[in-house]
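Report on one structure; see the data block that follows.
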Amino acid sequence: MNMPLESTALAFQFPLADGVETHRVFNQASACTGHNAFTGDVALRELVERHAAWSIPDATAVGVLAGNEEVQDLARLANEHSPQLRTHDRFGNRLDWVEFHPAWHQLMALGFAHGVPSLAWTTNEPSGHFARAVLSYLWNQVENGTGCPTGMAYAACAGFAGRPEFAIWREKTLSGRYDPRRLPLPQKTGAVIGYAMTEKQGGSDLRQTQTTATFVGTENGARIYNVTGHKWFFSVPTSDGFYTLAQTNSGVSCLFVPRFLPDGSANRIAVQRLKDKCGNRSNASSEVEFNKTWAMLVGEEGRGIREILSHAHLTRLDFAVGSAGLMRQALTLAINHASTRDGFGRRMADLPMQTNVLADLALESEAAMLSAMRVARATDSMESNERERLLARVATPVVKYWNCQRATYFVYEALQVHGGNGFIMENPIARLYREAPLNSIWEGTTNMMCMDVVRALGREKGSLEVFLDEVSQPGVANAAYAKFIGGLRDDLSAGAVDEGNSRAIVTRMALALQASEMLRHSDGAVAQRFVESRLGGQHAGVMGTLATGADLRGIVSRADVSEAAQSVSI
């Protein structure tokens, strides 16, 4: 990606009728291919070497995909050719099916085969959730739409675990063999799982669920219900089974709706229409009607919100990781563009203002990755370590809020590096720009995440102390860090947080966690730059406002994956 411009320029000439030539195409940035998104990412590679070295081959394999030209073209095709709803076949029979471009299926097969949904559950090694988060971070540099079904499959296995009636579902979901065929589960090599909770009148307030479920009996150890109602967002409607919520005699309950009944006939799942989304174009989201639809109870009747929130910890973690991955891809694209194109007589990356922007983006990206991976490591110990459980309970919504919130602005700045070319849809940065806001909405909006942090601090005894201890452990790195942590400690300990000011408090908590992780894991000078800019009041909140210094170019070079570029194939 840093090859001399002359060796990469294309020089096409188009003669006119009178023999006059038009123009030469030169000084265009080179394609961002030929790199490994794992081995070329110094910060990520060092973190994995420290905490889960056994997973390096898995991460390396997915890193290859992110820099592979053929795979990048699959991502382009999957987003250019939107899914199409087929409610009926040509004979009038209901299908309720969605046709995807072949590129979607190829990407799904790659993601499932490389363990993106499953590694946390299939490995016998320690730190499985962390290692799986690394794969998700890398996969979100491949294609974001497929990150929805891989993330849902990851979370779904938490609901299947320990429940014999769902043993075959767990087995098929973890098989690693993506199978897009519309067949009953026993005939398939693998399963894809969807979720359907949101309703028109309730939005994120799941207590407003109006869909109803009536108990009809027990089959093979499972409690069976008929479900009737409408869901406003029905994710990945070609999934083999779906988690949903419905009102039962005991209150809101969690149920699982298979696409096919035990006898092999189709379940009553009527897909009404597909959503015409701003981004996430490769993926299908829909509305669905249930009409006495066959479903199995998951967990206890009346405890559906509690059940689904146990999955939501994993999906929220995945969105925090996914946004960090999306930011990393945007950074890679921006560095590549600025490093292979000239402007104003110099390489763009060497222009002082552009260097400042790229360095600032690099700091933000690394901090986003490290904070998300800290939550993943805490998730690994939730069942065995009370401190880590409490940290995960608070830090998950903190990091989900901040990473997803920052991703949109981050990609906007990365797009500006590309100039007008960045706003053209054939450029991958434009696709990221449309994609970036979504993770702030899925699995809880910004406001919901901040409310959840306030709720956790109020209800989980010891969570405040654990969080403050976590962000204080690096010690006094400098005066800015000490002052920031001291002020945060004073305000949180005094109970100076309520729903009205929770965004301000949670933002400070997110920055404190990012700073502590940078101080633990990043290069010392890079960490100090982050602390001084984000905590020391020297940053205007706009990318490219770092204090000038000779070290900024080194920060950009450290983040440049092309430093380890290599020939790759799939």
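Simple scheme: letters A, B, ... for chains in structure tokens order, numbers from 1 for residues in each chain, numbers from 1 for ligands in the order shown.
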Next on the checklist: When you look at region 61-68 of chain A with a cut-off of 10 Å (counting only C-alpha atoms), what residues show up, excluding the ones that are within fewer than 5 positions of it in the same chain? I need them as a PyMOL selection string.
Outcome noted: chain A and resi 32-41+56+73+107+110-111+114-116+134-143+329+561-562+565-570
Taking the DSSP assignment computed from this structure's backbone, write out as a PDB file with C-alpha atoms, in the first residue's frame all residues of region 28-265 of chain A that belong to helix (DSSP H, G or I).
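As written to disk, part30.pdb reads:
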ATOM      1  CA  VAL A  42       0.376  -4.128  16.067  1.00  0.00           C
ATOM      2  CA  ALA A  43      -1.889  -3.265  19.004  1.00  0.00           C
ATOM      3  CA  LEU A  44      -4.279  -6.155  18.386  1.00  0.00           C
ATOM      4  CA  ARG A  45      -1.548  -8.684  17.716  1.00  0.00           C
ATOM      5  CA  GLU A  46       0.280  -7.826  20.930  1.00  0.00           C
ATOM      6  CA  LEU A  47      -2.930  -8.087  22.938  1.00  0.00           C
ATOM      7  CA  VAL A  48      -3.720 -11.544  21.540  1.00  0.00           C
ATOM      8  CA  GLU A  49      -0.155 -12.729  22.144  1.00  0.00           C
ATOM      9  CA  ARG A  50      -0.589 -11.701  25.774  1.00  0.00           C
ATOM     10  CA  HIS A  51      -4.054 -13.086  26.501  1.00  0.00           C
ATOM     11  CA  ALA A  53      -1.805 -16.858  21.981  1.00  0.00           C
ATOM     12  CA  TRP A  54      -3.471 -20.154  21.094  1.00  0.00           C
ATOM     13  CA  SER A  55      -5.941 -18.266  18.864  1.00  0.00           C
ATOM     14  CA  ILE A  56      -3.314 -16.599  16.667  1.00  0.00           C
ATOM     15  CA  PRO A  57      -3.848 -19.043  13.745  1.00  0.00           C
ATOM     16  CA  ASP A  58      -7.614 -18.365  13.818  1.00  0.00           C
ATOM     17  CA  ALA A  59      -7.104 -14.601  13.942  1.00  0.00           C
ATOM     18  CA  THR A  60      -4.483 -14.723  11.206  1.00  0.00           C
ATOM     19  CA  ALA A  61      -6.848 -16.622   8.907  1.00  0.00           C
ATOM     20  CA  VAL A  62      -9.665 -14.082   9.349  1.00  0.00           C
ATOM     21  CA  GLY A  63      -7.172 -11.234   9.017  1.00  0.00           C
ATOM     22  CA  VAL A  64      -6.267 -12.584   5.577  1.00  0.00           C
ATOM     23  CA  LEU A  65      -9.910 -12.313   4.491  1.00  0.00           C
ATOM     24  CA  ALA A  66     -10.137  -8.644   5.474  1.00  0.00           C
ATOM     25  CA  GLU A  69      -9.301  -8.448  -2.968  1.00  0.00           C
ATOM     26  CA  GLU A  70     -11.755 -11.220  -3.851  1.00  0.00           C
ATOM     27  CA  VAL A  71     -13.430 -11.073  -0.449  1.00  0.00           C
ATOM     28  CA  GLN A  72     -13.660  -7.301  -0.593  1.00  0.00           C
ATOM     29  CA  ASP A  73     -15.423  -7.662  -3.922  1.00  0.00           C
ATOM     30  CA  LEU A  74     -17.881 -10.087  -2.333  1.00  0.00           C
ATOM     31  CA  ALA A  75     -18.661  -7.382   0.241  1.00  0.00           C
ATOM     32  CA  ARG A  76     -19.256  -4.893  -2.560  1.00  0.00           C
ATOM     33  CA  LEU A  77     -21.555  -7.225  -4.461  1.00  0.00           C
ATOM     34  CA  ALA A  78     -23.541  -8.239  -1.391  1.00  0.00           C
ATOM     35  CA  ASN A  79     -24.285  -4.584  -0.666  1.00  0.00           C
ATOM     36  CA  GLU A  80     -24.990  -3.527  -4.241  1.00  0.00           C
ATOM     37  CA  PRO A 102     -24.590 -15.347  -4.037  1.00  0.00           C
ATOM     38  CA  ALA A 103     -21.920 -13.072  -2.541  1.00  0.00           C
ATOM     39  CA  TRP A 104     -23.909 -12.959   0.717  1.00  0.00           C
ATOM     40  CA  HIS A 105     -23.907 -16.729   0.975  1.00  0.00           C
ATOM     41  CA  GLN A 106     -20.202 -16.906   0.203  1.00  0.00           C
ATOM     42  CA  LEU A 107     -19.455 -14.407   2.962  1.00  0.00           C
ATOM     43  CA  MET A 108     -21.698 -16.234   5.428  1.00  0.00           C
ATOM     44  CA  ALA A 109     -19.980 -19.516   4.626  1.00  0.00           C
ATOM     45  CA  LEU A 110     -16.573 -17.940   5.241  1.00  0.00           C
ATOM     46  CA  GLY A 111     -17.638 -16.367   8.536  1.00  0.00           C
ATOM     47  CA  PHE A 112     -19.192 -19.528   9.932  1.00  0.00           C
ATOM     48  CA  ALA A 113     -16.332 -21.748   8.727  1.00  0.00           C
ATOM     49  CA  LEU A 119     -15.286 -20.006  18.805  1.00  0.00           C
ATOM     50  CA  ALA A 120     -16.269 -18.978  22.341  1.00  0.00           C
ATOM     51  CA  TRP A 121     -18.404 -22.108  22.685  1.00  0.00           C
ATOM     52  CA  THR A 122     -16.319 -24.660  20.798  1.00  0.00           C
ATOM     53  CA  GLY A 128     -12.770 -18.121  24.510  1.00  0.00           C
ATOM     54  CA  HIS A 129     -15.003 -15.030  24.529  1.00  0.00           C
ATOM     55  CA  PHE A 130     -11.968 -12.790  24.116  1.00  0.00           C
ATOM     56  CA  ALA A 131     -10.637 -14.875  21.211  1.00  0.00           C
ATOM     57  CA  ARG A 132     -14.045 -14.901  19.588  1.00  0.00           C
ATOM     58  CA  ALA A 133     -14.282 -11.105  20.017  1.00  0.00           C
ATOM     59  CA  VAL A 134     -11.009 -10.785  18.118  1.00  0.00           C
ATOM     60  CA  LEU A 135     -12.524 -12.741  15.231  1.00  0.00           C
ATOM     61  CA  SER A 136     -15.629 -10.547  15.285  1.00  0.00           C
ATOM     62  CA  TYR A 137     -13.466  -7.409  15.313  1.00  0.00           C
ATOM     63  CA  LEU A 138     -11.653  -8.684  12.235  1.00  0.00           C
ATOM     64  CA  TRP A 139     -14.824  -9.913  10.552  1.00  0.00           C
ATOM     65  CA  GLY A 147     -21.900  -9.434  11.365  1.00  0.00           C
ATOM     66  CA  CYS A 148     -25.576  -9.432  12.406  1.00  0.00           C
ATOM     67  CA  PRO A 149     -26.230 -13.188  11.927  1.00  0.00           C
ATOM     68  CA  THR A 150     -22.790 -14.162  13.221  1.00  0.00           C
ATOM     69  CA  GLY A 151     -23.400 -12.107  16.361  1.00  0.00           C
ATOM     70  CA  MET A 152     -26.912 -13.489  16.850  1.00  0.00           C
ATOM     71  CA  ALA A 153     -25.672 -17.051  16.496  1.00  0.00           C
ATOM     72  CA  TYR A 154     -23.022 -16.295  19.132  1.00  0.00           C
ATOM     73  CA  ALA A 155     -25.607 -14.975  21.598  1.00  0.00           C
ATOM     74  CA  ALA A 156     -28.210 -17.628  20.786  1.00  0.00           C
ATOM     75  CA  CYS A 157     -26.022 -20.396  22.149  1.00  0.00           C
ATOM     76  CA  ALA A 158     -26.308 -18.859  25.621  1.00  0.00           C
ATOM     77  CA  GLY A 159     -30.045 -19.575  25.480  1.00  0.00           C
ATOM     78  CA  PHE A 160     -29.556 -23.123  24.197  1.00  0.00           C
ATOM     79  CA  PRO A 164     -31.806 -30.662  26.407  1.00  0.00           C
ATOM     80  CA  GLU A 165     -34.788 -29.698  24.245  1.00  0.00           C
ATOM     81  CA  PHE A 166     -32.475 -27.313  22.359  1.00  0.00           C
ATOM     82  CA  ALA A 167     -29.504 -29.666  22.049  1.00  0.00           C
ATOM     83  CA  ILE A 168     -29.870 -30.133  18.288  1.00  0.00           C
ATOM     84  CA  TRP A 169     -30.191 -26.376  17.804  1.00  0.00           C
ATOM     85  CA  ARG A 170     -26.973 -25.760  19.684  1.00  0.00           C
ATOM     86  CA  GLU A 171     -25.188 -28.501  17.749  1.00  0.00           C
ATOM     87  CA  LYS A 172     -26.277 -27.161  14.351  1.00  0.00           C
ATOM     88  CA  THR A 173     -25.551 -23.533  15.247  1.00  0.00           C
ATOM     89  CA  LEU A 185     -33.345 -28.531  10.788  1.00  0.00           C
ATOM     90  CA  PRO A 186     -32.561 -32.297  10.881  1.00  0.00           C
ATOM     91  CA  GLN A 187     -31.829 -32.174   7.138  1.00  0.00           C
ATOM     92  CA  LEU A 206     -39.970  -4.634  25.820  1.00  0.00           C
ATOM     93  CA  ARG A 207     -42.496  -4.386  28.654  1.00  0.00           C
ATOM     94  CA  GLN A 208     -44.941  -3.038  26.043  1.00  0.00           C
TER      95      GLN A 208
END
Item to check | Point-to-point distance in Å for CA of Phe484 (chain A) and CA of Leu511 (chain A) | outcome: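 Going from CA of Leu511 (chain A) over to CA of Phe484 (chain A), I get 9.5 Å.
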Item to check | Which residue of A:Gln201, A:Ser323, A:Asn291, A:Asn336 approaches Val417 (chain A) most closely, using only C-alpha atoms | outcome: A:Asn336
Next on the checklist: Can you pull out the residues contacting Phe319 (chain A)? Cut-off 9 Å, using only C-alpha atoms, and skip same-chain residues under 3 positions away; I want them as a PyMOL selection string.
Outcome noted: chain A and resi 147-148+151+314-316+322-324+400+403-404+439-440+442-443
Would you mind exporting N, CA and C atoms of the selected residues as a short mmCIF file (atom, residue, chain, number, x, y, z; two decimals), in the first residue's frame?
data_model
loop_
_atom_site.label_atom_id
_atom_site.label_comp_id
_atom_site.auth_asym_id
_atom_site.auth_seq_id
_atom_site.Cartn_x
_atom_site.Cartn_y
_atom_site.Cartn_z
N GLY A 147 -22.19 -9.48 9.94
CA GLY A 147 -21.90 -9.43 11.37
C GLY A 147 -23.14 -9.56 12.22
N CYS A 148 -24.33 -9.26 11.66
CA CYS A 148 -25.58 -9.43 12.41
C CYS A 148 -25.87 -10.91 12.67
N GLY A 151 -23.23 -12.53 14.97
CA GLY A 151 -23.40 -12.11 16.36
C GLY A 151 -24.61 -12.73 17.02
N LEU A 314 -24.19 -10.46 25.49
CA LEU A 314 -23.28 -10.92 24.44
C LEU A 314 -23.47 -10.13 23.15
N THR A 315 -24.71 -9.81 22.81
CA THR A 315 -24.92 -9.02 21.58
C THR A 315 -24.41 -7.60 21.76
N ARG A 316 -24.58 -7.04 22.96
CA ARG A 316 -24.06 -5.69 23.20
C ARG A 316 -22.53 -5.68 23.15
N GLY A 322 -17.85 -4.81 17.27
CA GLY A 322 -18.10 -4.57 15.85
C GLY A 322 -17.85 -3.13 15.44
N SER A 323 -18.28 -2.18 16.29
CA SER A 323 -18.03 -0.77 15.98
C SER A 323 -16.54 -0.47 15.99
N ALA A 324 -15.82 -1.08 16.93
CA ALA A 324 -14.36 -0.90 16.95
C ALA A 324 -13.74 -1.46 15.68
N LYS A 400 -20.32 -0.19 24.88
CA LYS A 400 -21.26 -0.24 23.76
C LYS A 400 -21.72 1.17 23.41
N ASN A 403 -18.30 3.32 21.98
CA ASN A 403 -17.77 2.88 20.68
C ASN A 403 -18.78 3.11 19.57
N CYS A 404 -20.04 2.76 19.83
CA CYS A 404 -21.06 2.92 18.79
C CYS A 404 -21.35 4.39 18.54
N ASN A 439 -25.11 0.44 14.82
CA ASN A 439 -24.83 -0.26 16.07
C ASN A 439 -25.26 0.53 17.30
N SER A 440 -25.40 1.85 17.16
CA SER A 440 -25.91 2.66 18.27
C SER A 440 -27.39 2.40 18.53
N TRP A 442 -29.13 -0.80 17.41
CA TRP A 442 -29.33 -2.21 17.72
C TRP A 442 -28.98 -2.51 19.17
N GLU A 443 -29.77 -3.35 19.78
CA GLU A 443 -29.53 -3.82 21.15
C GLU A 443 -29.42 -2.68 22.15
#
Checklist entry - Restricting the calculation to only C-alpha atoms, which member of A:Ala334, A:Leu468, A:Met449, A:Cys278 is positioned closest to Ala312 (chain A)? => result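 Distance minimum relative to Ala312 (chain A) lands on A:Met449.
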